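With mmCIF, C-alpha atoms inside, this is final11.cif:
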data_coords
#
loop_
_atom_site.label_atom_id
_atom_site.label_comp_id
_atom_site.auth_asym_id
_atom_site.auth_seq_id
_atom_site.Cartn_x
_atom_site.Cartn_y
_atom_site.Cartn_z
CA MET A 15 -0.66 -10.73 4.35
CA PRO A 16 0.83 -13.19 6.87
CA ASN A 17 0.15 -12.98 10.61
CA GLN A 18 3.85 -13.47 11.26
CA LEU A 19 7.11 -12.33 9.67
CA TYR A 20 9.30 -15.20 8.51
CA ASN A 21 11.75 -13.60 6.06
CA ILE A 22 13.03 -10.03 5.89
CA LEU A 23 15.04 -8.85 2.88
CA VAL A 24 17.62 -6.06 3.10
CA PRO A 25 19.00 -4.90 -0.28
CA ILE A 26 22.73 -4.27 0.10
CA ASP A 27 24.76 -1.83 -1.97
CA PHE A 28 27.66 -1.48 0.53
CA THR A 29 26.90 2.15 1.39
CA GLY A 30 26.35 3.75 4.79
CA LYS A 31 22.56 3.52 4.60
CA ASN A 32 22.80 -0.29 4.79
CA LYS A 33 23.85 -0.02 8.45
CA TRP A 34 20.56 1.33 9.76
CA ALA A 35 18.53 -0.94 7.47
CA ILE A 36 20.30 -4.00 8.89
CA ALA A 37 19.93 -2.64 12.43
CA LYS A 38 16.17 -2.24 11.97
CA ALA A 39 15.90 -5.71 10.38
CA ILE A 40 17.69 -7.19 13.39
CA GLU A 41 15.30 -5.46 15.79
CA LEU A 42 12.34 -6.96 13.94
CA ALA A 43 13.99 -10.37 13.59
CA ASN A 44 14.58 -10.49 17.34
CA SER A 45 10.91 -9.68 17.95
CA PHE A 46 9.47 -12.12 15.39
CA HIS A 47 12.28 -14.73 15.36
CA CYS A 48 12.54 -14.53 11.58
CA ASN A 49 15.38 -14.73 9.06
CA ILE A 50 17.22 -11.83 7.44
CA HIS A 51 18.33 -12.04 3.81
CA LEU A 52 21.17 -9.70 2.83
CA VAL A 53 21.02 -9.50 -0.98
CA HIS A 54 23.37 -7.67 -3.32
CA ILE A 55 22.40 -7.22 -6.96
CA LEU A 56 25.53 -7.22 -9.13
CA HIS A 57 24.87 -5.41 -12.37
CA LYS A 58 27.63 -4.67 -14.87
CA PRO A 59 27.63 -4.05 -18.61
CA VAL A 60 28.06 -7.28 -20.51
CA ILE A 61 31.55 -7.04 -22.00
CA PRO A 62 32.49 -10.65 -22.67
CA PHE A 63 35.98 -11.77 -23.51
CA ILE A 64 36.49 -14.16 -26.44
CA PRO A 65 37.51 -17.51 -24.92
CA VAL A 66 39.56 -20.12 -26.70
CA ASP A 67 36.92 -22.70 -25.87
CA LYS A 68 33.42 -21.31 -26.52
CA THR A 69 32.00 -23.56 -23.80
CA ASP A 70 33.95 -21.47 -21.28
CA PHE A 71 31.93 -18.33 -22.07
CA THR A 72 31.08 -16.12 -19.10
CA PRO A 73 29.13 -12.82 -19.20
CA TYR A 74 31.90 -11.06 -17.29
CA GLU A 75 35.59 -10.74 -17.94
CA SER A 76 36.25 -12.42 -14.62
CA THR A 77 34.45 -13.63 -11.53
CA SER A 78 36.49 -11.41 -9.23
CA ASP A 79 33.55 -9.04 -8.63
CA LEU A 80 31.34 -11.93 -7.58
CA HIS A 81 33.96 -13.17 -5.13
CA GLU A 82 34.57 -9.67 -3.77
CA CYS A 83 30.85 -9.03 -3.19
CA ARG A 84 30.47 -12.40 -1.54
CA LYS A 85 33.36 -11.64 0.82
CA LYS A 86 31.79 -8.31 1.77
CA LEU A 87 28.46 -9.98 2.50
CA GLU A 88 30.16 -12.66 4.58
CA ALA A 89 31.85 -9.90 6.58
CA LEU A 90 28.46 -8.25 7.23
CA LYS A 91 26.96 -11.58 8.26
CA SER A 92 29.84 -12.19 10.67
CA LEU A 93 29.51 -8.67 12.08
CA TYR A 94 25.76 -8.82 12.76
CA SER A 95 25.02 -12.50 13.43
CA ASN A 96 25.86 -12.23 17.14
CA GLN A 97 23.15 -9.56 17.49
CA LEU A 98 20.41 -12.03 16.54
CA CYS A 99 18.46 -13.79 19.28
CA GLY A 100 16.24 -16.81 18.99
CA ALA A 101 15.81 -18.99 15.91
CA GLY A 102 16.46 -16.35 13.26
CA LYS A 103 19.55 -16.41 11.07
CA ILE A 104 21.21 -14.32 8.38
CA GLU A 105 21.30 -15.54 4.77
CA ILE A 106 23.48 -13.87 2.13
CA SER A 107 23.16 -13.87 -1.66
CA VAL A 108 24.81 -12.21 -4.65
CA VAL A 109 22.47 -12.06 -7.63
CA GLN A 110 23.52 -11.05 -11.14
CA GLY A 111 21.26 -8.79 -13.16
CA THR A 112 19.32 -5.56 -12.70
CA GLN A 113 17.73 -4.61 -9.40
CA ARG A 114 14.45 -3.84 -11.14
CA LYS A 115 14.19 -7.43 -12.40
CA MET A 116 16.11 -9.56 -9.90
CA LEU A 117 14.86 -8.10 -6.60
CA PRO A 118 11.19 -8.96 -7.29
CA LYS A 119 12.31 -12.38 -8.55
CA TYR A 120 14.21 -13.07 -5.31
CA ILE A 121 11.28 -11.83 -3.21
CA GLY A 122 8.91 -14.25 -4.95
CA GLN A 123 11.29 -17.20 -5.06
CA TYR A 124 12.23 -17.08 -1.38
CA GLU A 125 8.88 -15.82 -0.06
CA MET A 126 9.93 -12.56 1.56
CA ASP A 127 7.41 -10.93 3.92
CA LEU A 128 9.05 -7.52 4.30
CA VAL A 129 11.78 -5.43 2.67
CA VAL A 130 13.78 -3.04 4.85
CA THR A 131 15.75 -0.35 3.04
CA GLY A 132 17.88 2.49 4.35
CA LEU A 133 17.43 6.04 3.07
CA SER A 134 20.54 8.04 2.29
CA LYS A 135 21.24 11.39 3.86
CA PHE A 136 20.26 14.35 1.70
CA ASN A 137 21.10 13.51 -1.88
CA LEU A 138 18.60 14.72 -4.46
CA LEU A 139 19.35 12.08 -7.09
CA GLN A 140 19.30 9.24 -4.55
CA ARG A 141 16.04 10.55 -3.12
CA ILE A 142 14.32 10.50 -6.51
CA ILE A 143 15.72 7.05 -7.36
CA SER A 144 14.75 5.63 -3.95
CA SER A 145 11.19 6.99 -4.10
CA VAL A 146 10.65 5.53 -7.56
CA SER A 147 12.28 2.22 -6.58
CA ILE A 148 10.18 1.81 -3.42
CA SER A 149 6.90 2.54 -5.20
CA ARG A 150 7.76 0.26 -8.11
CA LEU A 151 8.86 -2.61 -5.87
CA VAL A 152 5.72 -2.38 -3.72
CA ARG A 153 3.44 -2.37 -6.75
CA LYS A 154 5.27 -5.22 -8.47
CA THR A 155 5.58 -7.58 -5.50
CA ASN A 156 2.74 -6.58 -3.12
CA ILE A 157 5.35 -6.84 -0.35
CA PRO A 158 5.58 -3.99 2.20
CA VAL A 159 8.75 -1.89 2.16
CA LEU A 160 9.98 -0.29 5.39
CA ALA A 161 12.18 2.75 4.82
CA VAL A 162 14.38 3.95 7.70
CA ARG A 163 16.86 6.77 8.15
CA SER A 164 19.91 6.93 10.39
CA SER A 165 18.04 9.00 12.98
CA GLY A 166 14.92 6.83 12.83
CA LEU A 167 16.18 3.76 14.67
CA ILE A 168 13.96 2.79 17.56
CA SER A 169 13.42 -0.57 19.18
CA HIS A 170 9.64 -0.54 19.17
CA PHE A 171 6.57 0.66 17.31
CA LYS A 172 4.41 1.94 20.17
CA LYS A 173 2.55 4.57 18.14
CA ILE A 174 1.51 3.54 14.63
CA VAL A 175 -0.10 6.14 12.36
CA LEU A 176 -2.32 4.86 9.54
CA PRO A 177 -3.58 7.65 7.24
CA LEU A 178 -6.74 6.90 5.25
CA TYR A 179 -7.49 8.22 1.78
CA ASP A 180 -10.40 6.74 -0.20
CA ASN A 181 -10.73 3.10 0.88
CA ILE A 182 -10.41 0.72 3.79
CA PRO A 183 -6.78 -0.52 3.56
CA LEU A 184 -7.22 -4.14 4.67
CA ARG A 185 -3.59 -5.16 4.08
CA SER A 186 -2.30 -2.19 6.07
CA ILE A 187 -4.79 -2.97 8.82
CA LYS A 188 -3.55 -6.55 9.08
CA MET A 189 0.07 -5.38 9.15
CA ALA A 190 -0.65 -2.72 11.76
CA THR A 191 -2.52 -5.13 14.02
CA MET A 192 0.23 -7.74 13.71
CA LEU A 193 2.86 -5.19 14.75
CA GLY A 194 0.52 -3.77 17.37
CA ARG A 195 0.12 -7.12 19.11
CA HIS A 196 3.87 -7.62 19.35
CA PHE A 197 4.77 -4.10 20.45
CA LYS A 198 1.60 -3.35 22.48
CA SER A 199 0.97 -0.38 20.24
CA THR A 200 -1.73 2.20 19.80
CA ILE A 201 -2.96 2.65 16.22
CA TYR A 202 -3.93 6.16 15.16
CA LEU A 203 -6.30 6.32 12.18
CA VAL A 204 -6.07 9.76 10.59
CA SER A 205 -7.88 11.36 7.69
CA LEU A 206 -8.45 14.86 6.35
CA ARG A 207 -11.63 16.58 7.45
CA ASN A 208 -14.02 16.29 4.53
CA ASN A 209 -17.70 17.20 4.20
CA GLU A 210 -18.52 14.17 2.05
CA PRO A 211 -20.39 11.54 4.17
CA GLY A 212 -18.61 8.62 2.50
CA HIS A 213 -15.26 10.00 3.56
CA VAL A 214 -16.22 9.98 7.24
CA ASN A 215 -17.56 6.45 6.84
CA ILE A 216 -14.11 5.20 5.75
CA LEU A 217 -12.69 6.36 9.07
CA SER A 218 -15.44 4.79 11.19
CA ASN A 219 -15.57 1.59 9.12
CA THR A 220 -11.80 1.12 9.34
CA LEU A 221 -12.02 1.60 13.11
CA GLU A 222 -14.67 -1.14 13.28
CA VAL A 223 -12.54 -3.52 11.21
CA ILE A 224 -9.51 -3.09 13.48
CA GLN A 225 -11.60 -3.52 16.62
CA SER A 226 -13.03 -6.75 15.17
CA LEU A 227 -9.51 -8.13 14.60
CA SER A 228 -7.76 -7.09 17.78
CA THR A 229 -8.16 -5.55 21.21
CA ILE A 230 -5.21 -3.18 20.80
CA PRO A 231 -6.06 0.51 21.40
CA VAL A 232 -7.23 2.49 18.35
CA GLN A 233 -7.94 6.19 17.98
CA SER A 234 -9.54 7.89 14.97
CA ILE A 235 -8.72 11.52 14.29
CA LEU A 236 -9.80 14.03 11.63
CA LEU A 237 -6.97 16.32 10.57
CA GLU A 238 -7.14 19.85 9.23
CA GLY A 239 -5.39 20.74 5.98
CA LYS A 240 -5.53 20.13 2.25
CA ASN A 241 -2.69 17.63 1.81
CA LEU A 242 -2.89 14.22 3.48
CA ALA A 243 0.88 13.66 3.52
CA LYS A 244 1.68 17.01 5.13
CA SER A 245 -1.10 16.77 7.72
CA THR A 246 -0.10 13.20 8.56
CA LEU A 247 3.52 14.23 9.09
CA ASN A 248 2.54 17.17 11.31
CA PHE A 249 0.33 14.92 13.43
CA SER A 250 2.96 12.14 13.61
CA LYS A 251 5.61 14.57 14.81
CA LYS A 252 3.23 16.04 17.37
CA ILE A 253 2.56 12.68 19.03
CA ASN A 254 6.14 11.36 18.53
CA ALA A 255 4.94 8.48 16.36
CA ASP A 256 7.17 5.46 15.82
CA LEU A 257 5.81 4.28 12.46
CA ILE A 258 3.74 5.61 9.56
CA MET A 259 1.99 3.27 7.11
CA VAL A 260 1.18 4.63 3.64
CA ASN A 261 0.09 3.71 0.12
CA PRO A 262 2.33 4.43 -2.94
CA VAL A 263 -0.14 6.89 -4.49
CA LYS A 264 0.27 10.58 -5.21
CA GLU A 265 -1.70 11.58 -2.10
CA PHE A 266 1.32 10.53 -0.05
CA ARG A 267 3.68 12.90 -1.84
CA LEU A 268 4.40 16.18 -0.10
CA PRO A 269 2.85 19.31 -1.62
CA GLY A 270 4.62 22.03 -3.57
CA LEU A 271 6.07 22.30 -7.06
CA TRP A 272 9.63 21.41 -6.03
CA ASN A 273 8.47 18.37 -4.08
CA ARG A 274 6.47 17.17 -7.09
CA ILE A 275 9.44 17.65 -9.41
CA THR A 276 11.78 15.78 -7.05
CA ASN A 277 9.15 13.14 -6.21
CA LYS A 278 9.48 13.83 -2.49
CA PHE A 279 7.69 10.91 -0.91
CA ILE A 280 6.51 11.08 2.70
CA SER A 281 9.49 8.91 3.76
CA TYR A 282 11.86 11.79 3.06
CA GLY A 283 9.90 14.35 5.04
CA THR A 284 10.47 12.73 8.42
CA ASN A 285 12.87 10.71 10.54
CA ILE A 286 9.98 8.41 11.48
CA PRO A 287 10.17 4.97 9.77
CA VAL A 288 7.61 4.59 6.97
CA ILE A 289 6.08 1.37 5.64
CA THR A 290 4.76 1.57 2.07
CA MET A 291 2.11 -0.99 1.15
CA GLU A 292 0.06 -1.60 -1.98
CA GLN A 293 -3.67 -2.25 -1.66
CA LYS A 294 -5.31 -4.83 -3.90
CA PRO A 295 -7.99 -3.53 -6.30
CA SER A 296 -10.73 -5.26 -4.34
CA GLU A 297 -9.72 -3.31 -1.25
#

If you took the structure in this file and wrote it as structure tokens, what would it be?
Amino acid sequence: MPNQLYNILVPIDFTGKNKWAIAKAIELANSFHCNIHLVHILHKPVIPFIPVDKTDFTPYESTSDLHECRKKLEALKSLYSNQLCGAGKIEISVVQGTQRKMLPKYIGQYEMDLVVTGLSKFNLLQRIISSVSISRLVRKTNIPVLAVRSSGLISHFKKIVLPLYDNIPLRSIKMATMLGRHFKSTIYLVSLRNNEPGHVNILSNTLEVIQSLSTIPVQSILLEGKNLAKSTLNFSKKINADLIMVNPVKEFRLPGLWNRITNKFISYGTNIPVITMEQKPSE
């Protein structure tokens, strides 16, 4: 986990949700002076034409889609470049293939530090697809994914909520302290009230780790309730939190049969931006 952001990736599908993802990426880029990569994954069924010269074979009937996508990305770059301050710049790329395969490949090849994705307004199918995609991408790349909604755009992260489950999340701690230094934040460590001694120790031990890394304010709070996701959301709304940091495990899904069926991740239960991060086995 780097102590600085250098490259932020924003997946582009040319829908409305890209607007607030780019806006959030620009806010972060202006704070950390890093680059933004706007990447569109072009995936079409392979329906090749039969060329006269076999050496002219191309997987698509024409390259018009590639040119069209490139033009759209160039228009986005032109639109948003003047909003960048400092040394950061916008890079654009059109990549052919499936998002499941090519996005992790791009992240590794160009050393992305963070992915920022926009969440669509209520659309059940998109919600399920997005939740699965975020969890899969985080697990496959070990890169944090920040999910934002149209009503969740803020220019700072003053109050960062870090819910704890069954371990000390070192990668999340490093990310939270990095953001905390830049935005002069307060970190709120929250956990469900539990009678098991080891559970309380996770809260106190995590507090000690953060205090050893930084002097930013930290508070530890035990929450009432049976579901960590729901209790975290209630607490975050109560204090008007600016960011929630979670792990892509089932404990961060909202309770209830319908929520389980639709895979309602914590990101879709709030307008507060949510960063999803994987923890390494040793953590």

- Kindly resolve the PyMOL selection byres ((chain A and resi 43-50) around 7) on the present coordinates and return the residues as number ranges by chain. A: 19-23, 39-42, 51-52, 98-105

Residues as selected, C-alpha atoms, written as a tab-separated table (two decimals), in the frame of the given file, can you do that?
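What follows is the written file selection-v9.tsv:
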chain	number	residue	atom	x	y	z
A	19	LEU	CA	7.11	-12.33	9.67
A	20	TYR	CA	9.30	-15.20	8.51
A	21	ASN	CA	11.75	-13.60	6.06
A	22	ILE	CA	13.03	-10.03	5.89
A	23	LEU	CA	15.04	-8.85	2.88
A	39	ALA	CA	15.90	-5.71	10.38
A	40	ILE	CA	17.69	-7.19	13.39
A	41	GLU	CA	15.30	-5.46	15.79
A	42	LEU	CA	12.34	-6.96	13.94
A	51	HIS	CA	18.33	-12.04	3.81
A	52	LEU	CA	21.17	-9.70	2.83
A	98	LEU	CA	20.41	-12.03	16.54
A	99	CYS	CA	18.46	-13.79	19.28
A	100	GLY	CA	16.24	-16.81	18.99
A	101	ALA	CA	15.81	-18.99	15.91
A	102	GLY	CA	16.46	-16.35	13.26
A	103	LYS	CA	19.55	-16.41	11.07
A	104	ILE	CA	21.21	-14.32	8.38
A	105	GLU	CA	21.30	-15.54	4.77

What does the distance from atom CA of A:Ser226 to atom CA of A:Val130 come to in Å, to one decimal?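 Interatomic distance, atom CA of A:Ser226 to atom CA of A:Val130: 29.0 Å.
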
Give as a VMD selection string the residues that the PyMOL selection byres ((chain A and resi 182-188) around 8) matches when applied to the coordinates above.
chain A and resid 15 17 176 178 180 to 181 189 to 192 216 219 to 220 224 259 291 to 293 297

Please, could you write that set of residues out with C-alpha atoms as a PDB file, in the frame of the given file?
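Heads up, here's the output in result-v8.pdb:
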ATOM      1  CA  MET A  15      -0.660 -10.730   4.350  1.00  0.00           C
ATOM      2  CA  ASN A  17       0.150 -12.980  10.610  1.00  0.00           C
ATOM      3  CA  LEU A 176      -2.320   4.860   9.540  1.00  0.00           C
ATOM      4  CA  LEU A 178      -6.740   6.900   5.250  1.00  0.00           C
ATOM      5  CA  ASP A 180     -10.400   6.740  -0.200  1.00  0.00           C
ATOM      6  CA  ASN A 181     -10.730   3.100   0.880  1.00  0.00           C
ATOM      7  CA  MET A 189       0.070  -5.380   9.150  1.00  0.00           C
ATOM      8  CA  ALA A 190      -0.650  -2.720  11.760  1.00  0.00           C
ATOM      9  CA  THR A 191      -2.520  -5.130  14.020  1.00  0.00           C
ATOM     10  CA  MET A 192       0.230  -7.740  13.710  1.00  0.00           C
ATOM     11  CA  ILE A 216     -14.110   5.200   5.750  1.00  0.00           C
ATOM     12  CA  ASN A 219     -15.570   1.590   9.120  1.00  0.00           C
ATOM     13  CA  THR A 220     -11.800   1.120   9.340  1.00  0.00           C
ATOM     14  CA  ILE A 224      -9.510  -3.090  13.480  1.00  0.00           C
ATOM     15  CA  MET A 259       1.990   3.270   7.110  1.00  0.00           C
ATOM     16  CA  MET A 291       2.110  -0.990   1.150  1.00  0.00           C
ATOM     17  CA  GLU A 292       0.060  -1.600  -1.980  1.00  0.00           C
ATOM     18  CA  GLN A 293      -3.670  -2.250  -1.660  1.00  0.00           C
ATOM     19  CA  GLU A 297      -9.720  -3.310  -1.250  1.00  0.00           C
TER      20      GLU A 297
END

request  = Run the PyMOL selection byres ((chain A and resi 231) around 7) on the file and write out the hits as number ranges by chain.
outcome  = A: 200-201, 229-230, 232-233

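Those residues that approach A:Ala255 to within 9 Å, counting all atoms listed in the file, are A:Phe171, A:Lys172, A:Lys173, A:Ile174, A:Val175, A:Phe249, A:Ile286; same-chain residues fewer than 6 positions away are not listed.
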
- Shortest interatomic distance to A:Val108 - which of A:Pro25, A:Gly132, A:Pro287, A:Pro158, counting all atoms listed in the file: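 Nearest candidate to A:Val108 out of A:Pro25, A:Gly132, A:Pro287, A:Pro158: A:Pro25.
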
TODO: Select, from A:Val109, A:Ile26, A:Ile289, A:Tyr94, the residue with the minimum atom-to-atom distance to A:Ile148, counting all atoms listed in the file.
DONE: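 Using all atoms listed in the file, the shortest distance to A:Ile148 belongs to A:Ile289.
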
Practice task
Have a look at A:Arg150, A:Lys86, A:Lys240, A:Lys33 and name the one nearest to A:Thr131; count all atoms listed in the file.
Solution key: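 Answer, going by the shortest atom-to-atom distance: A:Lys33.
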
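The closest residue to A:Ser92, picked from A:Leu203, A:Leu80, A:Ile106, A:Leu56 and counting all atoms listed in the file, is A:Ile106.
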
Requested in this report: Select, from A:Val53, A:Phe197, A:Tyr179, A:Arg163, the residue with the minimum atom-to-atom distance to A:Met126, counting all atoms listed in the file.
Outcome: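 Checking each of A:Val53, A:Phe197, A:Tyr179, A:Arg163 against A:Met126, counting all atoms listed in the file, the winner is A:Val53.
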
Computed gap from atom CA of A:Gln225 to atom CA of A:Thr246 is 21.8 Å

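In this structure, atom CA of A:Leu236 sits 28.4 Å away from atom CA of A:Ile157.
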
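Candidate residues A:Leu221, A:Met116, A:Leu128, A:Leu247 were compared for distance to A:Asn156, and the nearest is A:Leu128, using all atoms listed in the file.
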
Please fill the gaps in stretch 99-133 of chain A so it has N, CA and C atoms, and write that as a tab-separated table (two decimals), in the frame of the given file.
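Result file out-v1.tsv:
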chain	number	residue	atom	x	y	z
A	99	CYS	N	18.88	-12.91	18.18
A	99	CYS	CA	18.46	-13.79	19.28
A	99	CYS	C	17.42	-14.76	18.74
A	100	GLY	N	17.28	-15.87	19.40
A	100	GLY	CA	16.24	-16.81	18.99
A	100	GLY	C	16.63	-17.63	17.78
A	101	ALA	N	15.60	-18.04	17.01
A	101	ALA	CA	15.81	-18.99	15.91
A	101	ALA	C	16.19	-18.33	14.59
A	102	GLY	N	16.15	-17.03	14.52
A	102	GLY	CA	16.46	-16.35	13.26
A	102	GLY	C	17.92	-16.45	12.88
A	103	LYS	N	18.18	-16.37	11.57
A	103	LYS	CA	19.55	-16.41	11.07
A	103	LYS	C	19.69	-15.47	9.89
A	104	ILE	N	20.93	-15.20	9.51
A	104	ILE	CA	21.21	-14.32	8.38
A	104	ILE	C	21.63	-15.14	7.18
A	105	GLU	N	20.95	-14.92	6.05
A	105	GLU	CA	21.30	-15.54	4.77
A	105	GLU	C	21.90	-14.46	3.88
A	106	ILE	N	22.87	-14.83	3.05
A	106	ILE	CA	23.48	-13.87	2.13
A	106	ILE	C	23.41	-14.40	0.71
A	107	SER	N	23.24	-13.48	-0.25
A	107	SER	CA	23.16	-13.87	-1.66
A	107	SER	C	23.69	-12.75	-2.54
A	108	VAL	N	24.43	-13.13	-3.59
A	108	VAL	CA	24.81	-12.21	-4.65
A	108	VAL	C	24.07	-12.65	-5.90
A	109	VAL	N	23.30	-11.74	-6.47
A	109	VAL	CA	22.47	-12.06	-7.63
A	109	VAL	C	22.91	-11.19	-8.80
A	110	GLN	N	23.09	-11.79	-9.96
A	110	GLN	CA	23.52	-11.05	-11.14
A	110	GLN	C	22.32	-10.59	-11.94
A	111	GLY	N	22.35	-9.34	-12.36
A	111	GLY	CA	21.26	-8.79	-13.16
A	111	GLY	C	20.92	-7.39	-12.72
A	112	THR	N	19.75	-6.89	-13.09
A	112	THR	CA	19.32	-5.56	-12.70
A	112	THR	C	18.45	-5.65	-11.45
A	113	GLN	N	18.52	-4.63	-10.64
A	113	GLN	CA	17.73	-4.61	-9.40
A	113	GLN	C	16.25	-4.63	-9.72
A	114	ARG	N	15.86	-3.93	-10.76
A	114	ARG	CA	14.45	-3.84	-11.14
A	114	ARG	C	13.86	-5.21	-11.45
A	115	LYS	N	14.68	-6.10	-12.01
A	115	LYS	CA	14.19	-7.43	-12.40
A	115	LYS	C	14.48	-8.47	-11.33
A	116	MET	N	15.68	-8.46	-10.76
A	116	MET	CA	16.11	-9.56	-9.90
A	116	MET	C	15.58	-9.46	-8.47
A	117	LEU	N	15.37	-8.24	-7.97
A	117	LEU	CA	14.86	-8.10	-6.60
A	117	LEU	C	13.45	-8.68	-6.47
A	118	PRO	N	12.51	-8.32	-7.37
A	118	PRO	CA	11.19	-8.96	-7.29
A	118	PRO	C	11.27	-10.47	-7.47
A	119	LYS	N	12.17	-10.94	-8.33
A	119	LYS	CA	12.31	-12.38	-8.55
A	119	LYS	C	12.76	-13.07	-7.27
A	120	TYR	N	13.72	-12.49	-6.57
A	120	TYR	CA	14.21	-13.07	-5.31
A	120	TYR	C	13.09	-13.06	-4.26
A	121	ILE	N	12.37	-11.96	-4.19
A	121	ILE	CA	11.28	-11.83	-3.21
A	121	ILE	C	10.24	-12.94	-3.41
A	122	GLY	N	9.89	-13.21	-4.67
A	122	GLY	CA	8.91	-14.25	-4.95
A	122	GLY	C	9.46	-15.65	-4.73
A	123	GLN	N	10.70	-15.86	-5.15
A	123	GLN	CA	11.29	-17.20	-5.06
A	123	GLN	C	11.50	-17.65	-3.62
A	124	TYR	N	11.92	-16.71	-2.77
A	124	TYR	CA	12.23	-17.08	-1.38
A	124	TYR	C	11.19	-16.59	-0.38
A	125	GLU	N	10.04	-16.15	-0.89
A	125	GLU	CA	8.88	-15.82	-0.06
A	125	GLU	C	9.21	-14.79	1.04
A	126	MET	N	9.66	-13.63	0.62
A	126	MET	CA	9.93	-12.56	1.56
A	126	MET	C	8.61	-11.96	2.07
A	127	ASP	N	8.59	-11.55	3.33
A	127	ASP	CA	7.41	-10.93	3.92
A	127	ASP	C	7.56	-9.43	4.08
A	128	LEU	N	8.79	-8.95	4.08
A	128	LEU	CA	9.05	-7.52	4.30
A	128	LEU	C	10.41	-7.17	3.72
A	129	VAL	N	10.50	-5.97	3.12
A	129	VAL	CA	11.78	-5.43	2.67
A	129	VAL	C	12.11	-4.23	3.55
A	130	VAL	N	13.32	-4.18	4.05
A	130	VAL	CA	13.78	-3.04	4.85
A	130	VAL	C	14.91	-2.35	4.09
A	131	THR	N	14.74	-1.09	3.79
A	131	THR	CA	15.75	-0.35	3.04
A	131	THR	C	16.14	0.91	3.79
A	132	GLY	N	17.40	1.26	3.72
A	132	GLY	CA	17.88	2.49	4.35
A	132	GLY	C	17.79	3.65	3.37
A	133	LEU	N	17.47	4.83	3.89
A	133	LEU	CA	17.43	6.04	3.07
A	133	LEU	C	18.71	6.84	3.29
